[in-house]
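The file my_file_24.pdb contains PDB, C-alpha atoms and all ligand atoms:
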```
MODEL        1
ATOM      1  CA  MET J   1       0.000   0.000   0.000
ATOM      2  CA  ILE J   2       1.271   3.469  -0.833
ATOM      3  CA  ASN J   3       2.121   5.506   2.236
ATOM      4  CA  LEU J   4       3.738   8.938   2.065
ATOM      5  CA  GLU J   5       3.732   9.543   5.805
ATOM      6  CA  ASN J   6       6.688  11.750   6.839
ATOM      7  CA  LYS J   7       7.612  12.385   3.205
ATOM      8  CA  ASN J   8       8.458  16.061   2.711
ATOM      9  CA  ILE J   9       7.129  17.212  -0.645
ATOM     10  CA  ILE J  10       7.169  20.584  -2.449
ATOM     11  CA  ILE J  11       4.455  21.151  -5.047
ATOM     12  CA  THR J  12       4.740  24.156  -7.408
ATOM     13  CA  GLY J  13       1.730  25.615  -9.205
ATOM     14  CA  ALA J  14      -0.263  24.171  -6.318
ATOM     15  CA  THR J  15      -3.219  26.536  -6.697
ATOM     16  CA  GLY J  16      -3.943  25.574 -10.322
ATOM     17  CA  GLY J  17      -6.266  22.844 -11.578
ATOM     18  CA  ILE J  18      -3.745  19.999 -11.675
ATOM     19  CA  GLY J  19      -1.652  21.337  -8.784
ATOM     20  CA  LYS J  20      -4.556  21.440  -6.346
ATOM     21  CA  SER J  21      -5.536  17.911  -7.264
ATOM     22  CA  ILE J  22      -1.930  16.763  -6.620
ATOM     23  CA  VAL J  23      -2.057  18.480  -3.210
ATOM     24  CA  LYS J  24      -5.339  16.742  -2.375
ATOM     25  CA  THR J  25      -4.161  13.287  -3.437
ATOM     26  CA  LEU J  26      -0.752  13.409  -1.718
ATOM     27  CA  HIS J  27      -2.410  14.889   1.396
ATOM     28  CA  ASN J  28      -4.802  11.920   1.460
ATOM     29  CA  TYR J  29      -1.727   9.695   1.553
ATOM     30  CA  LYS J  30      -0.374  11.656   4.531
ATOM     31  CA  ALA J  31       2.511  13.494   2.834
ATOM     32  CA  ASN J  32       3.995  16.535   4.562
ATOM     33  CA  ILE J  33       3.295  19.134   1.883
ATOM     34  CA  LEU J  34       4.627  22.593   1.103
ATOM     35  CA  ALA J  35       2.412  24.175  -1.546
ATOM     36  CA  THR J  36       3.640  27.149  -3.521
ATOM     37  CA  GLY J  37       2.004  29.573  -5.918
ATOM     38  CA  THR J  38       1.751  33.277  -6.624
ATOM     39  CA  LYS J  39      -1.696  34.223  -5.331
ATOM     40  CA  ASP J  40      -2.231  34.898  -1.604
ATOM     41  CA  GLU J  41      -5.971  34.320  -1.722
ATOM     42  CA  LYS J  42      -5.672  30.915  -3.394
ATOM     43  CA  LEU J  43      -2.808  29.839  -1.109
ATOM     44  CA  ASP J  44      -4.824  30.840   1.973
ATOM     45  CA  LYS J  45      -7.721  28.767   0.641
ATOM     46  CA  LEU J  46      -5.425  25.736   0.299
ATOM     47  CA  LYS J  47      -4.227  26.251   3.867
ATOM     48  CA  SER J  48      -7.794  26.289   5.148
ATOM     49  CA  GLU J  49      -8.755  23.189   3.166
ATOM     50  CA  PHE J  50      -5.839  20.873   3.989
ATOM     51  CA  GLU J  51      -4.803  20.256   7.573
ATOM     52  CA  ASN J  52      -1.116  20.845   8.395
ATOM     53  CA  ILE J  53      -0.220  21.966   4.891
ATOM     54  CA  LYS J  54       2.542  24.574   4.618
ATOM     55  CA  ILE J  55       2.290  27.378   2.111
ATOM     56  CA  LEU J  56       4.956  29.673   0.710
ATOM     57  CA  LYS J  57       4.224  32.352  -1.878
ATOM     58  CA  PHE J  58       6.852  32.362  -4.614
ATOM     59  CA  ASP J  59       7.070  33.409  -8.248
ATOM     60  CA  VAL J  60       9.236  30.726  -9.866
ATOM     61  CA  SER J  61      10.283  33.137 -12.638
ATOM     62  CA  GLN J  62      12.624  34.802 -10.099
ATOM     63  CA  ASN J  63      15.533  32.577 -11.042
ATOM     64  CA  GLU J  64      18.085  34.212  -8.778
ATOM     65  CA  LYS J  65      15.847  33.525  -5.751
ATOM     66  CA  ILE J  66      15.160  29.838  -6.410
ATOM     67  CA  GLU J  67      18.030  28.563  -4.263
ATOM     68  CA  LYS J  68      16.739  30.582  -1.313
ATOM     69  CA  PHE J  69      13.185  29.403  -1.994
ATOM     70  CA  ILE J  70      14.235  25.733  -1.847
ATOM     71  CA  GLU J  71      16.141  26.484   1.365
ATOM     72  CA  ASN J  72      13.123  28.178   3.000
ATOM     73  CA  ALA J  73      10.671  25.553   1.766
ATOM     74  CA  THR J  74      12.853  22.689   3.038
ATOM     75  CA  ASN J  75      13.237  24.398   6.403
ATOM     76  CA  GLN J  76       9.472  24.779   6.699
ATOM     77  CA  LEU J  77       9.100  21.065   5.971
ATOM     78  CA  GLY J  78      11.458  20.219   8.831
ATOM     79  CA  GLY J  79      14.886  20.378   7.205
ATOM     80  CA  SER J  80      14.897  17.652   4.556
ATOM     81  CA  LEU J  81      13.341  17.181   1.139
ATOM     82  CA  ASP J  82      12.040  13.877  -0.240
ATOM     83  CA  CYS J  83      10.217  14.983  -3.355
ATOM     84  CA  ILE J  84       9.450  17.988  -5.555
ATOM     85  CA  VAL J  85       6.652  18.139  -8.102
ATOM     86  CA  ASN J  86       7.500  20.825 -10.677
ATOM     87  CA  ASN J  87       4.032  21.587 -11.950
ATOM     88  CA  ALA J  88       3.977  25.388 -12.451
ATOM     89  CA  GLY J  89       3.684  26.267 -16.117
ATOM     90  CA  ILE J  90       2.339  28.869 -18.521
ATOM     91  CA  THR J  91       1.282  29.189 -22.142
ATOM     92  CA  MET J  92       1.588  32.264 -24.406
ATOM     93  CA  ASP J  93       0.282  30.978 -27.714
ATOM     94  CA  ASN J  94       0.846  32.523 -31.108
ATOM     95  CA  LEU J  95       1.612  31.319 -34.616
ATOM     96  CA  SER J  96       5.391  31.167 -34.906
ATOM     97  CA  ILE J  97       5.649  33.952 -37.503
ATOM     98  CA  ARG J  98       3.780  36.249 -35.096
ATOM     99  CA  MET J  99       5.427  35.001 -31.894
ATOM    100  CA  SER J 100       7.462  37.772 -30.278
ATOM    101  CA  LEU J 101      10.855  37.156 -28.726
ATOM    102  CA  ASP J 102       9.265  38.109 -25.417
ATOM    103  CA  GLU J 103       6.557  35.408 -25.793
ATOM    104  CA  TRP J 104       9.236  32.867 -26.669
ATOM    105  CA  LYS J 105      11.550  33.809 -23.786
ATOM    106  CA  LYS J 106       8.876  34.107 -21.079
ATOM    107  CA  VAL J 107       7.582  30.585 -21.712
ATOM    108  CA  ILE J 108      11.026  28.993 -22.072
ATOM    109  CA  ASP J 109      12.288  30.811 -18.972
ATOM    110  CA  LEU J 110       9.365  29.855 -16.762
ATOM    111  CA  ASN J 111       8.653  26.328 -17.976
ATOM    112  CA  LEU J 112      12.202  25.148 -18.653
ATOM    113  CA  THR J 113      14.820  27.353 -16.959
ATOM    114  CA  SER J 114      12.929  27.667 -13.677
ATOM    115  CA  THR J 115      12.229  23.920 -13.660
ATOM    116  CA  PHE J 116      15.936  23.242 -14.189
ATOM    117  CA  LEU J 117      16.888  25.483 -11.262
ATOM    118  CA  LEU J 118      14.197  23.983  -9.015
ATOM    119  CA  CYS J 119      15.615  20.535  -9.875
ATOM    120  CA  LYS J 120      19.217  21.659  -9.339
ATOM    121  CA  PHE J 121      18.689  23.056  -5.857
ATOM    122  CA  SER J 122      16.346  20.202  -4.865
ATOM    123  CA  VAL J 123      19.012  17.679  -5.896
ATOM    124  CA  LYS J 124      21.477  19.439  -3.585
ATOM    125  CA  LYS J 125      19.067  18.843  -0.684
ATOM    126  CA  MET J 126      18.312  15.256  -1.733
ATOM    127  CA  LEU J 127      22.002  14.352  -1.993
ATOM    128  CA  LYS J 128      22.170  14.871   1.771
ATOM    129  CA  ASN J 129      19.483  12.147   2.286
ATOM    130  CA  LYS J 130      20.934   9.995  -0.522
ATOM    131  CA  SER J 131      17.387   9.647  -1.842
ATOM    132  CA  GLY J 132      14.724  11.692  -3.545
ATOM    133  CA  LYS J 133      12.069  11.883  -6.212
ATOM    134  CA  ILE J 134      11.727  14.670  -8.759
ATOM    135  CA  ILE J 135       8.566  14.725 -10.847
ATOM    136  CA  ASN J 136       8.383  17.207 -13.708
ATOM    137  CA  ILE J 137       5.090  17.928 -15.430
ATOM    138  CA  THR J 138       5.518  18.139 -19.198
ATOM    139  CA  SER J 139       2.827  17.882 -21.876
ATOM    140  CA  VAL J 140       1.696  15.609 -24.691
ATOM    141  CA  VAL J 141       2.313  18.496 -27.114
ATOM    142  CA  GLY J 142       5.997  18.424 -26.151
ATOM    143  CA  HIS J 143       6.026  15.095 -28.018
ATOM    144  CA  THR J 144       3.651  15.849 -30.889
ATOM    145  CA  GLY J 145       4.085  19.600 -31.483
ATOM    146  CA  ASN J 146       1.033  21.872 -31.597
ATOM    147  CA  LEU J 147      -0.278  24.755 -33.640
ATOM    148  CA  GLY J 148       0.577  28.117 -32.060
ATOM    149  CA  GLN J 149       2.720  26.593 -29.333
ATOM    150  CA  ALA J 150       6.330  26.584 -30.623
ATOM    151  CA  ASN J 151       7.481  28.131 -27.321
ATOM    152  CA  TYR J 152       5.430  25.867 -25.034
ATOM    153  CA  THR J 153       6.178  22.624 -26.927
ATOM    154  CA  ALA J 154       9.919  23.415 -26.986
ATOM    155  CA  SER J 155       9.879  24.106 -23.235
ATOM    156  CA  LYS J 156       8.071  20.850 -22.445
ATOM    157  CA  ALA J 157      10.253  18.727 -24.768
ATOM    158  CA  GLY J 158      13.277  20.353 -23.122
ATOM    159  CA  ILE J 159      12.065  19.237 -19.700
ATOM    160  CA  VAL J 160      11.939  15.607 -20.890
ATOM    161  CA  ALA J 161      15.538  15.649 -22.162
ATOM    162  CA  MET J 162      16.804  17.561 -19.123
ATOM    163  CA  SER J 163      15.105  15.067 -16.781
ATOM    164  CA  LYS J 164      16.839  12.149 -18.518
ATOM    165  CA  SER J 165      20.212  13.847 -18.036
ATOM    166  CA  LEU J 166      19.553  14.477 -14.345
ATOM    167  CA  ALA J 167      18.326  10.895 -13.935
ATOM    168  CA  ILE J 168      21.640   9.611 -15.310
ATOM    169  CA  GLU J 169      23.651  11.991 -13.121
ATOM    170  CA  TYR J 170      21.978  11.087  -9.799
ATOM    171  CA  ALA J 171      20.605   7.533 -10.162
ATOM    172  CA  LYS J 172      23.465   6.140  -8.078
ATOM    173  CA  LYS J 173      22.455   8.507  -5.283
ATOM    174  CA  ASN J 174      18.923   7.048  -5.266
ATOM    175  CA  ILE J 175      17.432  10.155  -6.818
ATOM    176  CA  ASN J 176      14.756   9.448  -9.414
ATOM    177  CA  VAL J 177      13.897  12.114 -11.980
ATOM    178  CA  ASN J 178      10.788  11.366 -14.011
ATOM    179  CA  CYS J 179       8.195  13.239 -16.029
ATOM    180  CA  ILE J 180       4.445  13.021 -16.318
ATOM    181  CA  SER J 181       3.092  14.091 -19.663
ATOM    182  CA  PRO J 182      -0.593  15.004 -19.431
ATOM    183  CA  GLY J 183      -2.855  14.988 -22.462
ATOM    184  CA  PHE J 184      -5.692  17.532 -22.447
ATOM    185  CA  ILE J 185      -6.922  17.923 -18.878
ATOM    186  CA  LYS J 186      -9.924  19.944 -17.658
ATOM    187  CA  THR J 187      -8.381  23.031 -16.013
ATOM    188  CA  ASP J 188      -8.249  26.823 -16.529
ATOM    189  CA  MET J 189      -5.457  26.225 -19.048
ATOM    190  CA  THR J 190      -7.726  24.196 -21.367
ATOM    191  CA  ASP J 191     -10.827  26.299 -20.601
ATOM    192  CA  LYS J 192      -9.219  28.891 -22.886
ATOM    193  CA  ILE J 193      -9.608  26.535 -25.881
ATOM    194  CA  GLU J 194     -12.681  27.288 -28.030
ATOM    195  CA  ASP J 195     -15.415  24.624 -27.894
ATOM    196  CA  LYS J 196     -15.081  23.775 -31.596
ATOM    197  CA  PHE J 197     -11.376  22.991 -31.111
ATOM    198  CA  LYS J 198     -12.147  20.991 -27.953
ATOM    199  CA  GLU J 199     -14.468  18.803 -30.026
ATOM    200  CA  VAL J 200     -11.682  18.194 -32.548
ATOM    201  CA  ILE J 201      -9.308  17.280 -29.709
ATOM    202  CA  ILE J 202     -11.814  14.886 -28.100
ATOM    203  CA  SER J 203     -12.412  13.196 -31.469
ATOM    204  CA  LYS J 204      -8.696  12.238 -31.425
ATOM    205  CA  ILE J 205      -8.747  10.765 -27.901
ATOM    206  CA  PRO J 206      -9.550   7.019 -27.822
ATOM    207  CA  SER J 207     -11.083   7.460 -24.328
ATOM    208  CA  ALA J 208     -13.327  10.148 -25.909
ATOM    209  CA  ARG J 209     -13.021  12.616 -23.043
ATOM    210  CA  LEU J 210     -10.669  15.202 -21.622
ATOM    211  CA  GLY J 211      -8.693  14.011 -18.600
ATOM    212  CA  GLU J 212      -9.516  14.993 -15.026
ATOM    213  CA  PRO J 213      -6.837  16.597 -12.802
ATOM    214  CA  GLU J 214      -7.099  13.474 -10.594
ATOM    215  CA  ASP J 215      -5.817  11.361 -13.500
ATOM    216  CA  ILE J 216      -2.540  13.290 -13.270
ATOM    217  CA  ALA J 217      -2.488  13.361  -9.462
ATOM    218  CA  ASN J 218      -2.734   9.558  -9.352
ATOM    219  CA  ALA J 219       0.306   9.264 -11.619
ATOM    220  CA  VAL J 220       2.214  11.683  -9.357
ATOM    221  CA  LEU J 221       1.253   9.578  -6.336
ATOM    222  CA  PHE J 222       2.761   6.484  -7.953
ATOM    223  CA  LEU J 223       6.016   8.175  -9.018
ATOM    224  CA  ALA J 224       6.404   9.828  -5.592
ATOM    225  CA  SER J 225       6.088   6.466  -3.843
ATOM    226  CA  ASN J 226       8.608   3.694  -3.287
ATOM    227  CA  HIS J 227       6.618   1.605  -5.799
ATOM    228  CA  ALA J 228       8.482   3.607  -8.453
ATOM    229  CA  ASP J 229      12.000   3.187  -7.038
ATOM    230  CA  TYR J 230      13.337   1.463 -10.172
ATOM    231  CA  ILE J 231      11.765   3.921 -12.622
ATOM    232  CA  ASN J 232      14.173   6.655 -13.681
ATOM    233  CA  GLY J 233      14.380   9.125 -16.567
ATOM    234  CA  GLU J 234      10.967   7.940 -17.730
ATOM    235  CA  THR J 235       7.953   9.847 -18.990
ATOM    236  CA  LEU J 236       4.575   8.553 -17.926
ATOM    237  CA  HIS J 237       1.968   9.503 -20.531
ATOM    238  CA  VAL J 238      -1.505  10.186 -19.124
ATOM    239  CA  ASN J 239      -3.639  11.122 -22.095
ATOM    240  CA  GLY J 240      -6.512   8.680 -22.664
ATOM    241  CA  GLY J 241      -4.553   7.053 -25.494
ATOM    242  CA  MET J 242      -4.299  10.144 -27.744
ATOM    243  CA  TYR J 243      -0.524   9.673 -27.992
ATOM    244  CA  MET J 244       1.142   6.316 -27.456
ATOM    245  CA  ALA J 245       4.909   6.574 -27.108
TER     246      ALA J 245
HETATM  247  P1  LIG Z 301      -3.266  26.141 -14.354
HETATM  248  O1  LIG Z 301      -3.150  27.378 -15.183
HETATM  249  O2  LIG Z 301      -4.541  25.836 -13.675
HETATM  250  O3  LIG Z 301      -2.090  26.048 -13.303
HETATM  251  C1  LIG Z 301      -0.797  26.534 -13.554
HETATM  252  C2  LIG Z 301      -0.148  26.814 -12.230
HETATM  253  O4  LIG Z 301       1.138  27.380 -12.459
HETATM  254  C3  LIG Z 301      -0.948  27.831 -11.406
HETATM  255  O5  LIG Z 301      -1.002  27.397 -10.067
HETATM  256  C4  LIG Z 301      -0.118  29.094 -11.519
HETATM  257  O6  LIG Z 301      -0.237  29.924 -10.382
HETATM  258  C5  LIG Z 301       1.281  28.495 -11.614
HETATM  259  N1  LIG Z 301       2.196  29.494 -12.134
HETATM  260  C6  LIG Z 301       2.135  30.151 -13.312
HETATM  261  N2  LIG Z 301       3.116  31.061 -13.378
HETATM  262  C7  LIG Z 301       3.808  30.975 -12.211
HETATM  263  C8  LIG Z 301       4.929  31.655 -11.676
HETATM  264  N3  LIG Z 301       5.541  32.624 -12.350
HETATM  265  N4  LIG Z 301       5.371  31.289 -10.450
HETATM  266  C9  LIG Z 301       4.774  30.307  -9.746
HETATM  267  N5  LIG Z 301       3.702  29.635 -10.192
HETATM  268  C10 LIG Z 301       3.240  29.977 -11.417
HETATM  269  O7  LIG Z 301      -2.901  24.981 -15.359
HETATM  270  P2  LIG Z 301      -2.862  23.403 -15.163
HETATM  271  O8  LIG Z 301      -3.605  22.861 -16.289
HETATM  272  O9  LIG Z 301      -3.212  23.007 -13.780
HETATM  273  O10 LIG Z 301      -1.302  23.141 -15.464
HETATM  274  C11 LIG Z 301      -0.400  22.536 -14.559
HETATM  275  C12 LIG Z 301       0.766  21.983 -15.347
HETATM  276  O11 LIG Z 301       0.309  20.955 -16.226
HETATM  277  C13 LIG Z 301       1.472  23.012 -16.233
HETATM  278  O12 LIG Z 301       2.863  22.796 -16.194
HETATM  279  C14 LIG Z 301       0.941  22.693 -17.618
HETATM  280  O13 LIG Z 301       1.840  23.084 -18.619
HETATM  281  C15 LIG Z 301       0.774  21.203 -17.523
HETATM  282  N6  LIG Z 301      -0.166  20.634 -18.492
HETATM  283  C16 LIG Z 301      -1.480  20.928 -18.440
HETATM  284  C17 LIG Z 301      -2.330  20.353 -19.372
HETATM  285  C18 LIG Z 301      -3.803  20.607 -19.381
HETATM  286  O14 LIG Z 301      -4.474  20.103 -20.282
HETATM  287  N7  LIG Z 301      -4.377  21.325 -18.434
HETATM  288  C19 LIG Z 301      -1.819  19.494 -20.344
HETATM  289  C20 LIG Z 301      -0.475  19.222 -20.364
HETATM  290  C21 LIG Z 301       0.356  19.788 -19.408
ENDMDL
END
```
Write out the structure in this file as structure tokens.
Amino acid sequence: MINLENKNIIITGATGGIGKSIVKTLHNYKANILATGTKDEKLDKLKSEFENIKILKFDVSQNEKIEKFIENATNQLGGSLDCIVNNAGITMDNLSIRMSLDEWKKVIDLNLTSTFLLCKFSVKKMLKNKSGKIINITSVVGHTGNLGQANYTASKAGIVAMSKSLAIEYAKKNINVNCISPGFIKTDMTDKIEDKFKEVIISKIPSARLGEPEDIANAVLFLASNHADYINGETLHVNGGMYMA
């Protein structure tokens, strides 16, 4: 049986659709959670909903402050770090010929560079325990490409390759670095898609529905647990069969 009791876990993007579901699921399995996001109101709501959860407001685009953030977050959790779920992410869609350098850089910087730095400083903490789990949330479109998302798809594909490199570097130290690649999941991010495009997307999903945030949270639960100790550098696709790797 999966038990995350006494496991210290940081979850980024914890106030979003998928993030909140990850918080709920790992909390049900008794993890010691530090949830981070950028909005006070939403973080306060999380704190009121989940007993004993720690919250820490942080904008992950502040690259130079990430080391300090990991330090503060780990201290709040009691001084050690077992797992980080890098879930924060943004989209800034545009056809590539119209995509500004700013739109390109903002998405790459937040989705890829910040994730790298969060991994780097988490690894430093995990090396002290000689164990740890890093779970990076990518996207099906990082494997398939997608119209209007050259920046986002590049950032998510980059996370997959980076995670494999980190997995190779730290496997001997019992640190597992894996990715979860969601298909189209019902959250604010996909609410932005027009209904007619949603219908086209659903027509390409063998399960004939969008995913629920819980579908992703359950995959995180597995990879965060000791049931996944021999899985490293892998990407778990959770997409209702729309893309089979
Ligand atoms: P969401 O918009 O509901 O949540 C995104 C989260 O990221 C929010 O909590 C937001 O506060 C946080 N975030 C954004 N910018 C931030 C910043 N600068 N600093 C700190 N936090 C920041 O979207 P979601 O659907 O829950 O997405 C969660 C993750 O799943 C993202 O990485 C996204 O790319 C990925 N994903 C989502 C889908 C989907 O269909 N919803 C599909 C594939 C991948």
Please identify the residues whose atoms come within 6 Å of ligand LIG 301 (chain Z), using all atoms listed in the file, and report them as a short mmCIF file (atom, residue, chain, number, x, y, z; two decimals) with C-alpha atoms, in the frame of the given file.
```cif
data_model
loop_
_atom_site.label_atom_id
_atom_site.label_comp_id
_atom_site.auth_asym_id
_atom_site.auth_seq_id
_atom_site.Cartn_x
_atom_site.Cartn_y
_atom_site.Cartn_z
CA GLY J 13 1.73 25.62 -9.20
CA ALA J 14 -0.26 24.17 -6.32
CA THR J 15 -3.22 26.54 -6.70
CA GLY J 16 -3.94 25.57 -10.32
CA GLY J 17 -6.27 22.84 -11.58
CA ILE J 18 -3.74 20.00 -11.68
CA GLY J 19 -1.65 21.34 -8.78
CA GLY J 37 2.00 29.57 -5.92
CA THR J 38 1.75 33.28 -6.62
CA PHE J 58 6.85 32.36 -4.61
CA ASP J 59 7.07 33.41 -8.25
CA VAL J 60 9.24 30.73 -9.87
CA SER J 61 10.28 33.14 -12.64
CA ASN J 87 4.03 21.59 -11.95
CA ALA J 88 3.98 25.39 -12.45
CA GLY J 89 3.68 26.27 -16.12
CA ILE J 90 2.34 28.87 -18.52
CA ILE J 137 5.09 17.93 -15.43
CA THR J 138 5.52 18.14 -19.20
CA SER J 139 2.83 17.88 -21.88
CA PRO J 182 -0.59 15.00 -19.43
CA GLY J 183 -2.86 14.99 -22.46
CA PHE J 184 -5.69 17.53 -22.45
CA ILE J 185 -6.92 17.92 -18.88
CA LYS J 186 -9.92 19.94 -17.66
CA THR J 187 -8.38 23.03 -16.01
CA ASP J 188 -8.25 26.82 -16.53
CA MET J 189 -5.46 26.22 -19.05
CA THR J 190 -7.73 24.20 -21.37
#
```
Checklist line | Non-local contacts of segment 118-131 of chain J (10 Å; only C-alpha atoms; under 2 positions in same chain excluded) as an MDAnalysis selection string | finding: chainID J and resid 10 12 60 63 66:71 74 79:86 112:116 133:136 162:163 166 170:177 229
Notebook entry, point to check: Can you list, as a ChimeraX atom specification, the residues that the PyMOL selection byres (((chain J and resi 211) around 12) and not hetatm) selects here?
Noted result: /J:17-18,181-187,190,201-202,205-210,212-218,237-242
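What separates atom CA of Lys30 of chain J from atom CA of Cys179 of chain J is a distance of 22.3 Å.
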Closest-contact table, segment 53-109 of chain J side, partner segment 44-49 of chain J, 12 Å, counting all atoms listed in the file, as CSV:
```
residue,atom,partner,partner_atom,distance
J:Ile53,CA,J:Lys47,CA,6.0
J:Lys54,CA,J:Lys47,CA,7.0
J:Ile55,CA,J:Lys47,CA,6.8
J:Leu56,CA,J:Asp44,CA,9.9
J:Lys57,CA,J:Asp44,CA,9.9
```
Note to self: Between atom CA of Ile180 of chain J and atom CA of Val220 of chain J, what distance in Å does the model show, to one decimal?
What the structure shows: 7.4 Å
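From atom CA of Ile33 of chain J back to atom CA of Ile231 of chain J, the distance works out to 22.7 Å.
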Notebook entry, point to check: Which one of J:Thr144, J:Asn232, J:Ser100, J:Asn226 sits closest to Ala245 of chain J if you count only C-alpha atoms?
Noted result: J:Thr144
Margin query: For a quick check of understanding, using only C-alpha atoms, which of J:Gly132, J:Gly148, J:Gly142, J:Gly78 has the smallest distance to Asn6 of chain J?
Written below: J:Gly78
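Residues with at least one atom no more than 9 Å from (10.6, 16.9, -26.0), using only C-alpha atoms, are Thr138, Ser139, Val141, Gly142, His143, Thr144, Gly145, Thr153, Ala154, Ser155, Lys156, Ala157, Gly158, Ile159, Val160 and Ala161 of chain J.
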Would you export the selected residues with C-alpha atoms as a PDB file, keeping the file's coordinate frame, please?
```
ATOM      1  CA  THR J 138       5.518  18.139 -19.198  1.00  0.00           C
ATOM      2  CA  SER J 139       2.827  17.882 -21.876  1.00  0.00           C
ATOM      3  CA  VAL J 141       2.313  18.496 -27.114  1.00  0.00           C
ATOM      4  CA  GLY J 142       5.997  18.424 -26.151  1.00  0.00           C
ATOM      5  CA  HIS J 143       6.026  15.095 -28.018  1.00  0.00           C
ATOM      6  CA  THR J 144       3.651  15.849 -30.889  1.00  0.00           C
ATOM      7  CA  GLY J 145       4.085  19.600 -31.483  1.00  0.00           C
ATOM      8  CA  THR J 153       6.178  22.624 -26.927  1.00  0.00           C
ATOM      9  CA  ALA J 154       9.919  23.415 -26.986  1.00  0.00           C
ATOM     10  CA  SER J 155       9.879  24.106 -23.235  1.00  0.00           C
ATOM     11  CA  LYS J 156       8.071  20.850 -22.445  1.00  0.00           C
ATOM     12  CA  ALA J 157      10.253  18.727 -24.768  1.00  0.00           C
ATOM     13  CA  GLY J 158      13.277  20.353 -23.122  1.00  0.00           C
ATOM     14  CA  ILE J 159      12.065  19.237 -19.700  1.00  0.00           C
ATOM     15  CA  VAL J 160      11.939  15.607 -20.890  1.00  0.00           C
ATOM     16  CA  ALA J 161      15.538  15.649 -22.162  1.00  0.00           C
TER      17      ALA J 161
END
```
Note to self: My list of candidates is J:Lys106, J:Ser203, J:Gly233, J:Leu4. Which is closest to Glu169 of chain J when distances are computed with only C-alpha atoms?
What the structure shows: J:Gly233
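Closest to Lys7 of chain J among J:Asp40, J:Ser96, J:Ala35, J:Leu77 is J:Leu77, based on only C-alpha atoms.
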With N, CA and C atoms as the target, complete segment 40-51 of chain J and hand it back as a tab-separated table (two decimals), in the frame of the given file.
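Wrote it out as selection-v3.tsv, contents follow:
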```tsv
chain	number	residue	atom	x	y	z
J	40	ASP	N	-1.96	35.03	-3.05
J	40	ASP	CA	-2.23	34.90	-1.60
J	40	ASP	C	-3.58	34.25	-1.32
J	41	GLU	N	-4.60	34.78	-2.00
J	41	GLU	CA	-5.97	34.32	-1.72
J	41	GLU	C	-6.11	32.80	-1.94
J	42	LYS	N	-5.56	32.34	-3.07
J	42	LYS	CA	-5.67	30.92	-3.39
J	42	LYS	C	-4.83	30.06	-2.45
J	43	LEU	N	-3.66	30.59	-2.05
J	43	LEU	CA	-2.81	29.84	-1.11
J	43	LEU	C	-3.49	29.75	0.26
J	44	ASP	N	-4.12	30.86	0.68
J	44	ASP	CA	-4.82	30.84	1.97
J	44	ASP	C	-5.96	29.82	1.94
J	45	LYS	N	-6.62	29.73	0.78
J	45	LYS	CA	-7.72	28.77	0.64
J	45	LYS	C	-7.19	27.33	0.80
J	46	LEU	N	-6.03	27.08	0.17
J	46	LEU	CA	-5.42	25.74	0.30
J	46	LEU	C	-5.15	25.44	1.77
J	47	LYS	N	-4.60	26.45	2.45
J	47	LYS	CA	-4.23	26.25	3.87
J	47	LYS	C	-5.46	25.91	4.71
J	48	SER	N	-6.59	26.55	4.36
J	48	SER	CA	-7.79	26.29	5.15
J	48	SER	C	-8.41	24.94	4.79
J	49	GLU	N	-8.13	24.45	3.60
J	49	GLU	CA	-8.76	23.19	3.17
J	49	GLU	C	-7.98	21.94	3.60
J	50	PHE	N	-6.65	22.07	3.72
J	50	PHE	CA	-5.84	20.87	3.99
J	50	PHE	C	-5.06	21.03	5.30
J	51	GLU	N	-5.40	20.18	6.24
J	51	GLU	CA	-4.80	20.26	7.57
J	51	GLU	C	-3.27	20.11	7.50
```
